[in-house]
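Visitor: Supplied structure: final_34.pdb, PDB, C-alpha atoms.
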MODEL        1
ATOM      1  CA  MET Y  19     -13.119 -36.389 -42.958  1.00  0.00           C
ATOM      2  CA  ASN Y  20     -11.484 -33.351 -44.550  1.00  0.00           C
ATOM      3  CA  VAL Y  21     -12.630 -31.435 -47.610  1.00  0.00           C
ATOM      4  CA  ARG Y  22      -9.430 -30.638 -49.484  1.00  0.00           C
ATOM      5  CA  ASP Y  23     -11.011 -28.732 -52.328  1.00  0.00           C
ATOM      6  CA  SER Y  24     -14.502 -28.060 -53.661  1.00  0.00           C
ATOM      7  CA  GLY Y  25     -16.419 -26.300 -56.389  1.00  0.00           C
ATOM      8  CA  SER Y  26     -19.489 -26.289 -58.572  1.00  0.00           C
ATOM      9  CA  LEU Y  27     -20.332 -26.609 -62.256  1.00  0.00           C
ATOM     10  CA  PRO Y  28     -23.603 -25.633 -63.914  1.00  0.00           C
ATOM     11  CA  VAL Y  29     -25.267 -28.531 -65.748  1.00  0.00           C
ATOM     12  CA  ARG Y  30     -27.940 -26.854 -67.844  1.00  0.00           C
ATOM     13  CA  ILE Y  31     -27.609 -27.978 -71.449  1.00  0.00           C
ATOM     14  CA  GLU Y  32     -26.462 -31.101 -73.286  1.00  0.00           C
ATOM     15  CA  GLN Y  33     -22.939 -29.728 -73.869  1.00  0.00           C
ATOM     16  CA  ASP Y  34     -22.551 -29.287 -70.096  1.00  0.00           C
ATOM     17  CA  VAL Y  35     -22.689 -33.090 -69.772  1.00  0.00           C
ATOM     18  CA  VAL Y  36     -19.411 -33.227 -71.709  1.00  0.00           C
ATOM     19  CA  LEU Y  37     -17.914 -30.512 -69.459  1.00  0.00           C
ATOM     20  CA  ALA Y  38     -19.063 -32.407 -66.345  1.00  0.00           C
ATOM     21  CA  ARG Y  39     -17.341 -35.569 -67.623  1.00  0.00           C
ATOM     22  CA  GLN Y  40     -14.131 -33.655 -68.360  1.00  0.00           C
ATOM     23  CA  LEU Y  41     -14.090 -31.965 -64.960  1.00  0.00           C
ATOM     24  CA  ALA Y  42     -14.768 -35.281 -63.178  1.00  0.00           C
ATOM     25  CA  ARG Y  43     -11.904 -36.885 -65.124  1.00  0.00           C
ATOM     26  CA  LYS Y  44      -9.503 -34.110 -64.103  1.00  0.00           C
ATOM     27  CA  LEU Y  45     -10.578 -34.240 -60.438  1.00  0.00           C
ATOM     28  CA  ALA Y  46     -10.431 -38.045 -60.300  1.00  0.00           C
ATOM     29  CA  GLY Y  47      -6.913 -37.799 -61.714  1.00  0.00           C
ATOM     30  CA  GLU Y  48      -5.977 -35.359 -58.949  1.00  0.00           C
ATOM     31  CA  CYS Y  49      -7.306 -37.911 -56.444  1.00  0.00           C
ATOM     32  CA  GLY Y  50      -4.894 -40.468 -57.887  1.00  0.00           C
ATOM     33  CA  MET Y  51      -7.645 -42.802 -59.083  1.00  0.00           C
ATOM     34  CA  ARG Y  52      -6.675 -45.844 -61.145  1.00  0.00           C
ATOM     35  CA  LEU Y  53      -7.804 -45.830 -64.789  1.00  0.00           C
ATOM     36  CA  VAL Y  54     -10.618 -48.364 -64.309  1.00  0.00           C
ATOM     37  CA  ASP Y  55     -12.006 -46.543 -61.252  1.00  0.00           C
ATOM     38  CA  LEU Y  56     -11.693 -43.216 -63.039  1.00  0.00           C
ATOM     39  CA  THR Y  57     -13.524 -44.576 -66.093  1.00  0.00           C
ATOM     40  CA  LYS Y  58     -16.339 -45.931 -63.915  1.00  0.00           C
ATOM     41  CA  LEU Y  59     -16.694 -42.612 -62.114  1.00  0.00           C
ATOM     42  CA  VAL Y  60     -16.696 -40.557 -65.331  1.00  0.00           C
ATOM     43  CA  THR Y  61     -19.332 -42.872 -66.829  1.00  0.00           C
ATOM     44  CA  ALA Y  62     -21.522 -42.486 -63.731  1.00  0.00           C
ATOM     45  CA  VAL Y  63     -21.107 -38.697 -64.001  1.00  0.00           C
ATOM     46  CA  SER Y  64     -22.224 -38.822 -67.619  1.00  0.00           C
ATOM     47  CA  GLU Y  65     -25.400 -40.727 -66.726  1.00  0.00           C
ATOM     48  CA  LEU Y  66     -26.286 -38.464 -63.789  1.00  0.00           C
ATOM     49  CA  ALA Y  67     -25.440 -35.194 -65.554  1.00  0.00           C
ATOM     50  CA  ARG Y  68     -27.657 -36.262 -68.464  1.00  0.00           C
ATOM     51  CA  ASN Y  69     -30.488 -37.023 -66.021  1.00  0.00           C
ATOM     52  CA  THR Y  70     -30.040 -33.557 -64.496  1.00  0.00           C
ATOM     53  CA  VAL Y  71     -30.412 -31.936 -67.935  1.00  0.00           C
ATOM     54  CA  VAL Y  72     -33.069 -34.197 -69.474  1.00  0.00           C
ATOM     55  CA  TYR Y  73     -35.316 -34.995 -66.487  1.00  0.00           C
ATOM     56  CA  GLY Y  74     -34.396 -32.268 -63.986  1.00  0.00           C
ATOM     57  CA  GLY Y  75     -34.542 -29.410 -66.470  1.00  0.00           C
ATOM     58  CA  GLY Y  76     -30.958 -28.458 -65.598  1.00  0.00           C
ATOM     59  CA  GLY Y  77     -29.118 -28.027 -62.324  1.00  0.00           C
ATOM     60  CA  ASP Y  78     -25.623 -28.101 -60.873  1.00  0.00           C
ATOM     61  CA  MET Y  79     -22.843 -30.518 -60.054  1.00  0.00           C
ATOM     62  CA  ASP Y  80     -21.118 -29.742 -56.752  1.00  0.00           C
ATOM     63  CA  TRP Y  81     -17.809 -31.487 -56.166  1.00  0.00           C
ATOM     64  CA  GLN Y  82     -15.554 -32.163 -53.198  1.00  0.00           C
ATOM     65  CA  ILE Y  83     -12.187 -33.837 -52.944  1.00  0.00           C
ATOM     66  CA  LEU Y  84     -12.175 -35.685 -49.627  1.00  0.00           C
ATOM     67  CA  ASP Y  85      -9.383 -36.884 -47.372  1.00  0.00           C
ATOM     68  CA  ASN Y  86     -10.396 -39.617 -44.983  1.00  0.00           C
ATOM     69  CA  TYR Y  87      -7.621 -41.155 -42.867  1.00  0.00           C
ATOM     70  CA  GLY Y  88      -5.163 -41.330 -45.742  1.00  0.00           C
ATOM     71  CA  ARG Y  89      -7.770 -42.194 -48.380  1.00  0.00           C
ATOM     72  CA  THR Y  90      -8.654 -39.706 -51.071  1.00  0.00           C
ATOM     73  CA  GLY Y  91     -12.001 -39.655 -52.787  1.00  0.00           C
ATOM     74  CA  LEU Y  92     -14.244 -37.599 -54.985  1.00  0.00           C
ATOM     75  CA  ARG Y  93     -17.801 -36.765 -53.943  1.00  0.00           C
ATOM     76  CA  LEU Y  94     -20.222 -35.302 -56.447  1.00  0.00           C
ATOM     77  CA  LEU Y  95     -23.706 -33.950 -55.883  1.00  0.00           C
ATOM     78  CA  PHE Y  96     -26.086 -33.564 -58.808  1.00  0.00           C
ATOM     79  CA  ARG Y  97     -28.972 -31.328 -57.870  1.00  0.00           C
ATOM     80  CA  ASP Y  98     -31.916 -29.972 -59.791  1.00  0.00           C
ATOM     81  CA  GLU Y  99     -35.207 -28.229 -59.059  1.00  0.00           C
ATOM     82  CA  GLY Y 100     -37.113 -30.462 -61.458  1.00  0.00           C
ATOM     83  CA  PRO Y 101     -40.265 -32.530 -60.940  1.00  0.00           C
ATOM     84  CA  GLY Y 102     -38.516 -35.095 -58.710  1.00  0.00           C
ATOM     85  CA  ILE Y 103     -39.004 -38.851 -58.819  1.00  0.00           C
ATOM     86  CA  PRO Y 104     -42.379 -40.133 -57.571  1.00  0.00           C
ATOM     87  CA  ASP Y 105     -41.337 -43.773 -57.044  1.00  0.00           C
ATOM     88  CA  ILE Y 106     -37.701 -44.215 -55.995  1.00  0.00           C
ATOM     89  CA  ASN Y 107     -37.863 -48.014 -55.955  1.00  0.00           C
ATOM     90  CA  LEU Y 108     -39.171 -48.067 -59.497  1.00  0.00           C
ATOM     91  CA  ALA Y 109     -36.547 -45.560 -60.653  1.00  0.00           C
ATOM     92  CA  LEU Y 110     -33.837 -47.788 -59.190  1.00  0.00           C
ATOM     93  CA  THR Y 111     -35.032 -50.811 -61.161  1.00  0.00           C
ATOM     94  CA  ASP Y 112     -32.923 -51.915 -64.118  1.00  0.00           C
ATOM     95  CA  GLY Y 113     -34.638 -51.241 -67.410  1.00  0.00           C
ATOM     96  CA  TRP Y 114     -37.265 -48.868 -66.083  1.00  0.00           C
ATOM     97  CA  THR Y 115     -37.359 -45.516 -67.831  1.00  0.00           C
ATOM     98  CA  SER Y 116     -39.625 -42.513 -67.846  1.00  0.00           C
ATOM     99  CA  GLY Y 117     -37.987 -41.220 -71.007  1.00  0.00           C
ATOM    100  CA  GLY Y 118     -36.812 -42.966 -74.131  1.00  0.00           C
ATOM    101  CA  GLY Y 119     -33.641 -44.388 -72.624  1.00  0.00           C
ATOM    102  CA  LEU Y 120     -32.568 -47.856 -71.622  1.00  0.00           C
ATOM    103  CA  GLY Y 121     -33.327 -47.301 -67.963  1.00  0.00           C
ATOM    104  CA  LEU Y 122     -29.722 -47.862 -66.989  1.00  0.00           C
ATOM    105  CA  GLY Y 123     -28.799 -44.320 -65.970  1.00  0.00           C
ATOM    106  CA  LEU Y 124     -29.589 -44.298 -62.266  1.00  0.00           C
ATOM    107  CA  THR Y 125     -29.100 -48.008 -61.582  1.00  0.00           C
ATOM    108  CA  GLY Y 126     -25.974 -48.178 -63.709  1.00  0.00           C
ATOM    109  CA  ALA Y 127     -24.464 -45.130 -62.003  1.00  0.00           C
ATOM    110  CA  ARG Y 128     -25.165 -46.712 -58.608  1.00  0.00           C
ATOM    111  CA  ARG Y 129     -23.192 -49.814 -59.574  1.00  0.00           C
ATOM    112  CA  LEU Y 130     -20.215 -47.752 -60.748  1.00  0.00           C
ATOM    113  CA  VAL Y 131     -19.508 -45.906 -57.491  1.00  0.00           C
ATOM    114  CA  ASP Y 132     -18.679 -46.757 -53.871  1.00  0.00           C
ATOM    115  CA  GLU Y 133     -21.407 -44.652 -52.272  1.00  0.00           C
ATOM    116  CA  PHE Y 134     -24.740 -43.594 -53.750  1.00  0.00           C
ATOM    117  CA  GLU Y 135     -27.483 -41.521 -52.200  1.00  0.00           C
ATOM    118  CA  LEU Y 136     -30.749 -40.467 -53.800  1.00  0.00           C
ATOM    119  CA  ASP Y 137     -32.864 -37.739 -52.237  1.00  0.00           C
ATOM    120  CA  THR Y 138     -36.002 -36.787 -54.123  1.00  0.00           C
ATOM    121  CA  ALA Y 139     -39.741 -36.255 -53.835  1.00  0.00           C
ATOM    122  CA  PRO Y 140     -42.449 -35.174 -56.293  1.00  0.00           C
ATOM    123  CA  GLY Y 141     -42.130 -31.436 -56.857  1.00  0.00           C
ATOM    124  CA  GLN Y 142     -39.029 -31.229 -54.646  1.00  0.00           C
ATOM    125  CA  GLY Y 143     -36.301 -31.722 -57.231  1.00  0.00           C
ATOM    126  CA  THR Y 144     -33.679 -34.444 -57.185  1.00  0.00           C
ATOM    127  CA  ARG Y 145     -30.331 -34.712 -55.405  1.00  0.00           C
ATOM    128  CA  VAL Y 146     -27.996 -37.578 -56.184  1.00  0.00           C
ATOM    129  CA  THR Y 147     -24.722 -37.871 -54.280  1.00  0.00           C
ATOM    130  CA  ILE Y 148     -21.997 -40.257 -55.391  1.00  0.00           C
ATOM    131  CA  THR Y 149     -18.567 -40.952 -53.924  1.00  0.00           C
ATOM    132  CA  ARG Y 150     -15.702 -42.952 -55.320  1.00  0.00           C
ATOM    133  CA  TRP Y 151     -12.547 -43.566 -53.289  1.00  0.00           C
ATOM    134  CA  ALA Y 152      -9.130 -43.784 -54.917  1.00  0.00           C
TER     135      ALA Y 152
ATOM    136  CA  MET G  27     -22.939 -28.127 -87.667  1.00  0.00           C
ATOM    137  CA  GLU G  28     -20.354 -30.309 -85.963  1.00  0.00           C
ATOM    138  CA  ARG G  29     -20.033 -33.767 -87.588  1.00  0.00           C
ATOM    139  CA  ILE G  30     -17.965 -36.906 -87.295  1.00  0.00           C
ATOM    140  CA  PRO G  31     -16.352 -37.743 -90.671  1.00  0.00           C
ATOM    141  CA  ILE G  32     -17.264 -40.998 -92.416  1.00  0.00           C
ATOM    142  CA  LEU G  33     -14.601 -42.409 -94.761  1.00  0.00           C
ATOM    143  CA  GLN G  34     -15.377 -44.752 -97.624  1.00  0.00           C
ATOM    144  CA  MET G  35     -13.029 -47.623 -98.448  1.00  0.00           C
ATOM    145  CA  GLY G  36     -14.569 -49.565-101.308  1.00  0.00           C
ATOM    146  CA  GLU G  37     -17.625 -51.347 -99.946  1.00  0.00           C
ATOM    147  CA  PHE G  38     -16.762 -50.365 -96.395  1.00  0.00           C
ATOM    148  CA  LEU G  39     -17.346 -47.275 -94.318  1.00  0.00           C
ATOM    149  CA  LEU G  40     -14.899 -46.282 -91.606  1.00  0.00           C
ATOM    150  CA  VAL G  41     -15.735 -44.014 -88.696  1.00  0.00           C
ATOM    151  CA  THR G  42     -13.137 -42.989 -86.155  1.00  0.00           C
ATOM    152  CA  ILE G  43     -14.643 -41.274 -83.161  1.00  0.00           C
ATOM    153  CA  GLN G  44     -12.013 -38.944 -81.756  1.00  0.00           C
ATOM    154  CA  VAL G  45     -14.013 -36.368 -79.861  1.00  0.00           C
ATOM    155  CA  ASP G  46     -15.870 -36.420 -76.584  1.00  0.00           C
ATOM    156  CA  MET G  47     -19.350 -36.710 -78.113  1.00  0.00           C
ATOM    157  CA  HIS G  48     -22.361 -34.907 -76.771  1.00  0.00           C
ATOM    158  CA  ASP G  49     -25.674 -36.657 -77.357  1.00  0.00           C
ATOM    159  CA  GLN G  50     -26.741 -34.685 -80.430  1.00  0.00           C
ATOM    160  CA  LEU G  51     -23.433 -35.441 -82.145  1.00  0.00           C
ATOM    161  CA  ALA G  52     -23.978 -39.165 -81.532  1.00  0.00           C
ATOM    162  CA  LEU G  53     -27.474 -38.943 -83.023  1.00  0.00           C
ATOM    163  CA  THR G  54     -26.200 -37.044 -86.046  1.00  0.00           C
ATOM    164  CA  LEU G  55     -23.577 -39.722 -86.635  1.00  0.00           C
ATOM    165  CA  GLN G  56     -26.260 -42.398 -86.510  1.00  0.00           C
ATOM    166  CA  GLU G  57     -28.340 -40.570 -89.126  1.00  0.00           C
ATOM    167  CA  ASP G  58     -25.361 -39.755 -91.378  1.00  0.00           C
ATOM    168  CA  LEU G  59     -24.129 -43.320 -91.266  1.00  0.00           C
ATOM    169  CA  THR G  60     -27.508 -44.838 -92.090  1.00  0.00           C
ATOM    170  CA  GLU G  61     -27.862 -42.474 -95.021  1.00  0.00           C
ATOM    171  CA  ARG G  62     -24.354 -43.289 -96.334  1.00  0.00           C
ATOM    172  CA  ILE G  63     -24.820 -47.064 -96.010  1.00  0.00           C
ATOM    173  CA  SER G  64     -27.925 -46.855 -98.116  1.00  0.00           C
ATOM    174  CA  ARG G  65     -26.486 -44.370-100.647  1.00  0.00           C
ATOM    175  CA  ILE G  66     -23.327 -46.320-101.497  1.00  0.00           C
ATOM    176  CA  SER G  67     -24.780 -49.785-100.743  1.00  0.00           C
ATOM    177  CA  ALA G  68     -22.062 -50.378 -98.162  1.00  0.00           C
ATOM    178  CA  ARG G  69     -21.499 -53.977 -97.085  1.00  0.00           C
ATOM    179  CA  GLY G  70     -19.606 -53.203 -93.922  1.00  0.00           C
ATOM    180  CA  VAL G  71     -19.141 -50.484 -91.312  1.00  0.00           C
ATOM    181  CA  LEU G  72     -16.147 -50.168 -89.016  1.00  0.00           C
ATOM    182  CA  ILE G  73     -16.514 -47.958 -85.986  1.00  0.00           C
ATOM    183  CA  ASP G  74     -13.189 -47.273 -84.307  1.00  0.00           C
ATOM    184  CA  ILE G  75     -13.730 -46.252 -80.691  1.00  0.00           C
ATOM    185  CA  SER G  76     -10.117 -46.631 -79.535  1.00  0.00           C
ATOM    186  CA  ALA G  77      -9.942 -42.903 -78.774  1.00  0.00           C
ATOM    187  CA  LEU G  78     -13.085 -43.001 -76.617  1.00  0.00           C
ATOM    188  CA  ASP G  79     -12.201 -43.036 -72.934  1.00  0.00           C
ATOM    189  CA  MET G  80     -15.807 -43.543 -71.889  1.00  0.00           C
ATOM    190  CA  VAL G  81     -18.932 -45.181 -73.301  1.00  0.00           C
ATOM    191  CA  ASP G  82     -22.096 -44.496 -71.336  1.00  0.00           C
ATOM    192  CA  SER G  83     -25.590 -45.894 -71.870  1.00  0.00           C
ATOM    193  CA  PHE G  84     -26.406 -43.255 -74.493  1.00  0.00           C
ATOM    194  CA  ILE G  85     -23.354 -43.942 -76.670  1.00  0.00           C
ATOM    195  CA  GLY G  86     -23.805 -47.671 -76.056  1.00  0.00           C
ATOM    196  CA  ARG G  87     -27.362 -47.443 -77.293  1.00  0.00           C
ATOM    197  CA  MET G  88     -26.215 -45.519 -80.361  1.00  0.00           C
ATOM    198  CA  ILE G  89     -23.648 -48.223 -81.170  1.00  0.00           C
ATOM    199  CA  ALA G  90     -26.261 -50.955 -80.763  1.00  0.00           C
ATOM    200  CA  SER G  91     -28.769 -49.143 -82.934  1.00  0.00           C
ATOM    201  CA  ILE G  92     -26.228 -48.424 -85.713  1.00  0.00           C
ATOM    202  CA  SER G  93     -25.421 -52.117 -85.678  1.00  0.00           C
ATOM    203  CA  GLY G  94     -29.106 -53.063 -85.929  1.00  0.00           C
ATOM    204  CA  LEU G  95     -29.886 -50.460 -88.586  1.00  0.00           C
ATOM    205  CA  SER G  96     -26.950 -51.505 -90.757  1.00  0.00           C
ATOM    206  CA  ARG G  97     -28.030 -55.145 -90.593  1.00  0.00           C
ATOM    207  CA  ILE G  98     -31.454 -54.162 -91.924  1.00  0.00           C
ATOM    208  CA  LEU G  99     -29.655 -52.318 -94.731  1.00  0.00           C
ATOM    209  CA  ASP G 100     -27.583 -55.442 -95.517  1.00  0.00           C
ATOM    210  CA  ALA G 101     -24.336 -54.201 -94.011  1.00  0.00           C
ATOM    211  CA  GLU G 102     -22.309 -55.623 -91.127  1.00  0.00           C
ATOM    212  CA  THR G 103     -21.086 -53.339 -88.360  1.00  0.00           C
ATOM    213  CA  MET G 104     -17.890 -54.003 -86.481  1.00  0.00           C
ATOM    214  CA  VAL G 105     -16.963 -52.003 -83.396  1.00  0.00           C
ATOM    215  CA  VAL G 106     -13.215 -51.971 -82.924  1.00  0.00           C
ATOM    216  CA  GLY G 107     -10.622 -50.808 -80.425  1.00  0.00           C
ATOM    217  CA  MET G 108     -12.618 -50.610 -77.215  1.00  0.00           C
ATOM    218  CA  GLN G 109     -10.305 -49.796 -74.307  1.00  0.00           C
ATOM    219  CA  PRO G 110     -10.250 -52.432 -71.530  1.00  0.00           C
ATOM    220  CA  ALA G 111     -11.354 -49.949 -68.844  1.00  0.00           C
ATOM    221  CA  VAL G 112     -14.298 -48.940 -71.047  1.00  0.00           C
ATOM    222  CA  ALA G 113     -15.279 -52.591 -71.559  1.00  0.00           C
ATOM    223  CA  ILE G 114     -15.166 -53.295 -67.805  1.00  0.00           C
ATOM    224  CA  THR G 115     -17.307 -50.230 -67.113  1.00  0.00           C
ATOM    225  CA  LEU G 116     -19.854 -51.079 -69.821  1.00  0.00           C
ATOM    226  CA  VAL G 117     -20.464 -54.543 -68.420  1.00  0.00           C
ATOM    227  CA  GLU G 118     -20.816 -53.187 -64.888  1.00  0.00           C
ATOM    228  CA  LEU G 119     -23.204 -50.548 -66.183  1.00  0.00           C
ATOM    229  CA  GLY G 120     -25.353 -53.394 -67.510  1.00  0.00           C
ATOM    230  CA  LEU G 121     -24.670 -52.945 -71.232  1.00  0.00           C
ATOM    231  CA  THR G 122     -23.257 -56.018 -72.905  1.00  0.00           C
ATOM    232  CA  LEU G 123     -24.116 -54.877 -76.449  1.00  0.00           C
ATOM    233  CA  PRO G 124     -25.811 -58.072 -77.632  1.00  0.00           C
ATOM    234  CA  GLY G 125     -25.767 -58.444 -81.404  1.00  0.00           C
ATOM    235  CA  VAL G 126     -22.841 -56.045 -81.812  1.00  0.00           C
ATOM    236  CA  SER G 127     -19.738 -57.552 -83.417  1.00  0.00           C
ATOM    237  CA  THR G 128     -16.424 -56.405 -82.004  1.00  0.00           C
ATOM    238  CA  ALA G 129     -12.757 -56.750 -82.867  1.00  0.00           C
ATOM    239  CA  LEU G 130      -9.603 -55.620 -81.119  1.00  0.00           C
ATOM    240  CA  ASN G 131      -8.431 -53.228 -83.836  1.00  0.00           C
ATOM    241  CA  VAL G 132      -9.276 -51.876 -87.291  1.00  0.00           C
ATOM    242  CA  GLU G 133      -7.096 -54.436 -89.074  1.00  0.00           C
ATOM    243  CA  ARG G 134      -8.726 -57.428 -87.390  1.00  0.00           C
ATOM    244  CA  GLY G 135     -12.173 -55.903 -87.847  1.00  0.00           C
ATOM    245  CA  MET G 136     -11.573 -55.419 -91.548  1.00  0.00           C
ATOM    246  CA  GLN G 137     -10.376 -59.016 -91.838  1.00  0.00           C
ATOM    247  CA  VAL G 138     -13.531 -60.365 -90.203  1.00  0.00           C
ATOM    248  CA  LEU G 139     -15.754 -58.180 -92.393  1.00  0.00           C
ATOM    249  CA  ARG G 140     -13.993 -59.433 -95.552  1.00  0.00           C
ATOM    250  CA  GLN G 141     -14.353 -63.063 -94.470  1.00  0.00           C
ATOM    251  CA  ARG G 142     -18.051 -62.628 -93.797  1.00  0.00           C
ATOM    252  CA  LEU G 143     -18.545 -60.960 -97.151  1.00  0.00           C
ATOM    253  CA  GLU G 144     -16.812 -63.814 -98.999  1.00  0.00           C
ATOM    254  CA  ARG G 145     -19.126 -66.336 -97.381  1.00  0.00           C
ATOM    255  CA  THR G 146     -22.271 -64.645 -98.672  1.00  0.00           C
TER     256      THR G 146
ENDMDL
END
Would you kindly transcribe this structure into structure tokens?
Guide:
Amino acid sequence: MNVRDSGSLPVRIEQDVVLARQLARKLAGECGMRLVDLTKLVTAVSELARNTVVYGGGGDMDWQILDNYGRTGLRLLFRDEGPGIPDINLALTDGWTSGGGLGLGLTGARRLVDEFELDTAPGQGTRVTITRWA
Amino acid sequence: MERIPILQMGEFLLVTIQVDMHDQLALTLQEDLTERISRISARGVLIDISALDMVDSFIGRMIASISGLSRILDAETMVVGMQPAVAITLVELGLTLPGVSTALNVERGMQVLRQRLERT
């Protein structure tokens, strides 16, 4: 697997969620993603970037455009140094929320991408990696 | 402060969302709209989201709550113009917007609102 291009975007305040969506849309377009796939990816980015700001206290979105035997994809890592998630299974349950939301952010984002990885522990921050192939 | 304009057309209010909304802007719209419905005794609200290329759980929740709030204030809300890719994504996300009336475009939405108003 080849990394064709990569970069990083700070995700600190609410307005950065909009910037993260816009960047993801541009990158997904460069990957040649179909409109439906692109829309799913951008929606997942919105959910995860919001989590980074609201629950993680801000962080970064690292991105990579990947080439894998003729397939192109976009991999995004949302990382923060926040309080982490004490119970991963609970956090990945539909409808569960620690804030005032619907509890669809993490679970919804997982359904919208091809690959989803959650790495977190109490006091260790949270790292969510998603990949969508074009 | 940045705001989404609300147009009045007789007993109806029309909102066309044309910007990529951050969360605070969505909340402000919800408050502004509720206030306007009550102030002019609106009977219907049309929210045109045809320019939105993404609806996430936050915006979805805002749409559902505007719809619920307007019903309490005796107004019907109609969400119009959702793009097919957005609809597919919303359902996969787990948001089916129960209780929210939808129409394909502003014209059809207006028609449905008028019909409902005549019946009452």
Visitor: Using the chain letters and numbers from the file, give me the residues hit by the PyMOL selection byres ((chain G and resi 127) around 10), as a ChimeraX atom specification.
Guide: /G:72,90,93,102-106,123-126,128-129,135,138-139
Visitor: Report as JSON, numbers by chain the set of chain Y residues whose atoms approach chain G to within 12 Å, with distances computed over only C-alpha atoms.
Guide: {"Y": [31, 32, 33, 34, 35, 36, 37, 38, 39, 40, 43, 52, 53, 54, 55, 56, 57, 58, 59, 60, 61, 62, 63, 64, 65, 66, 67, 68, 69, 71, 72, 111, 112, 113, 118, 119, 120, 121, 122, 123, 124, 125, 126, 127, 128, 129, 130, 131]}
Visitor: I need the residue set behind the PyMOL selection byres ((chain Y and resi 77) around 9) for this file; please write it as number ranges by chain.
Guide: Y: 27-30, 67, 70-71, 74-76, 78-79, 96-100
Visitor: Go ahead and compute the interatomic distance for atom CA of Arg134 of chain G and atom CA of Ile30 of chain G, in Å to one decimal.
Guide: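 We find that atom CA of Arg134 of chain G and atom CA of Ile30 of chain G lie 22.5 Å from each other.
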Visitor: For Gly107 of chain G, work out the shell of residues within 6 Å, counting only C-alpha atoms and skipping chain neighbours fewer than 4 positions away, then give it as a list in words.
Guide: Asp74, Ile75, Ser76, Leu130 and Asn131 of chain G
Visitor: Once N, CA and C atoms are restored for segment 28-42 of chain G, what would the output be as an mmCIF file, keeping the file's coordinate frame?
Guide:
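result-v9.cif, freshly written:
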data_model
loop_
_atom_site.group_PDB
_atom_site.id
_atom_site.type_symbol
_atom_site.label_atom_id
_atom_site.label_comp_id
_atom_site.auth_asym_id
_atom_site.auth_seq_id
_atom_site.Cartn_x
_atom_site.Cartn_y
_atom_site.Cartn_z
ATOM 1 N N GLU G 28 -21.431 -29.387 -86.275
ATOM 2 C CA GLU G 28 -20.354 -30.309 -85.963
ATOM 3 C C GLU G 28 -20.717 -31.728 -86.409
ATOM 4 N N ARG G 29 -19.758 -32.431 -87.044
ATOM 5 C CA ARG G 29 -20.033 -33.767 -87.588
ATOM 6 C C ARG G 29 -18.825 -34.659 -87.432
ATOM 7 N N ILE G 30 -19.065 -35.941 -87.317
ATOM 8 C CA ILE G 30 -17.965 -36.906 -87.295
ATOM 9 C C ILE G 30 -17.783 -37.446 -88.711
ATOM 10 N N PRO G 31 -16.553 -37.334 -89.275
ATOM 11 C CA PRO G 31 -16.352 -37.743 -90.671
ATOM 12 C C PRO G 31 -16.513 -39.253 -90.884
ATOM 13 N N ILE G 32 -17.100 -39.593 -92.038
ATOM 14 C CA ILE G 32 -17.264 -40.998 -92.416
ATOM 15 C C ILE G 32 -16.427 -41.228 -93.674
ATOM 16 N N LEU G 33 -15.458 -42.137 -93.613
ATOM 17 C CA LEU G 33 -14.601 -42.409 -94.761
ATOM 18 C C LEU G 33 -15.085 -43.642 -95.503
ATOM 19 N N GLN G 34 -14.998 -43.588 -96.837
ATOM 20 C CA GLN G 34 -15.377 -44.752 -97.624
ATOM 21 C C GLN G 34 -14.122 -45.476 -98.115
ATOM 22 N N MET G 35 -14.117 -46.793 -97.930
ATOM 23 C CA MET G 35 -13.029 -47.623 -98.448
ATOM 24 C C MET G 35 -13.671 -48.766 -99.219
ATOM 25 N N GLY G 36 -13.895 -48.554 -100.504
ATOM 26 C CA GLY G 36 -14.569 -49.565 -101.308
ATOM 27 C C GLY G 36 -15.989 -49.784 -100.813
ATOM 28 N N GLU G 37 -16.270 -51.034 -100.422
ATOM 29 C CA GLU G 37 -17.625 -51.347 -99.946
ATOM 30 C C GLU G 37 -17.791 -51.088 -98.459
ATOM 31 N N PHE G 38 -16.718 -50.586 -97.835
ATOM 32 C CA PHE G 38 -16.762 -50.365 -96.395
ATOM 33 C C PHE G 38 -16.789 -48.890 -96.023
ATOM 34 N N LEU G 39 -17.375 -48.630 -94.882
ATOM 35 C CA LEU G 39 -17.346 -47.275 -94.318
ATOM 36 C C LEU G 39 -16.549 -47.324 -93.024
ATOM 37 N N LEU G 40 -15.720 -46.323 -92.819
ATOM 38 C CA LEU G 40 -14.899 -46.282 -91.606
ATOM 39 C C LEU G 40 -15.165 -44.990 -90.842
ATOM 40 N N VAL G 41 -15.488 -45.166 -89.566
ATOM 41 C CA VAL G 41 -15.735 -44.014 -88.696
ATOM 42 C C VAL G 41 -14.771 -44.085 -87.521
ATOM 43 N N THR G 42 -14.017 -43.039 -87.319
ATOM 44 C CA THR G 42 -13.137 -42.989 -86.155
ATOM 45 C C THR G 42 -13.626 -41.879 -85.243
#
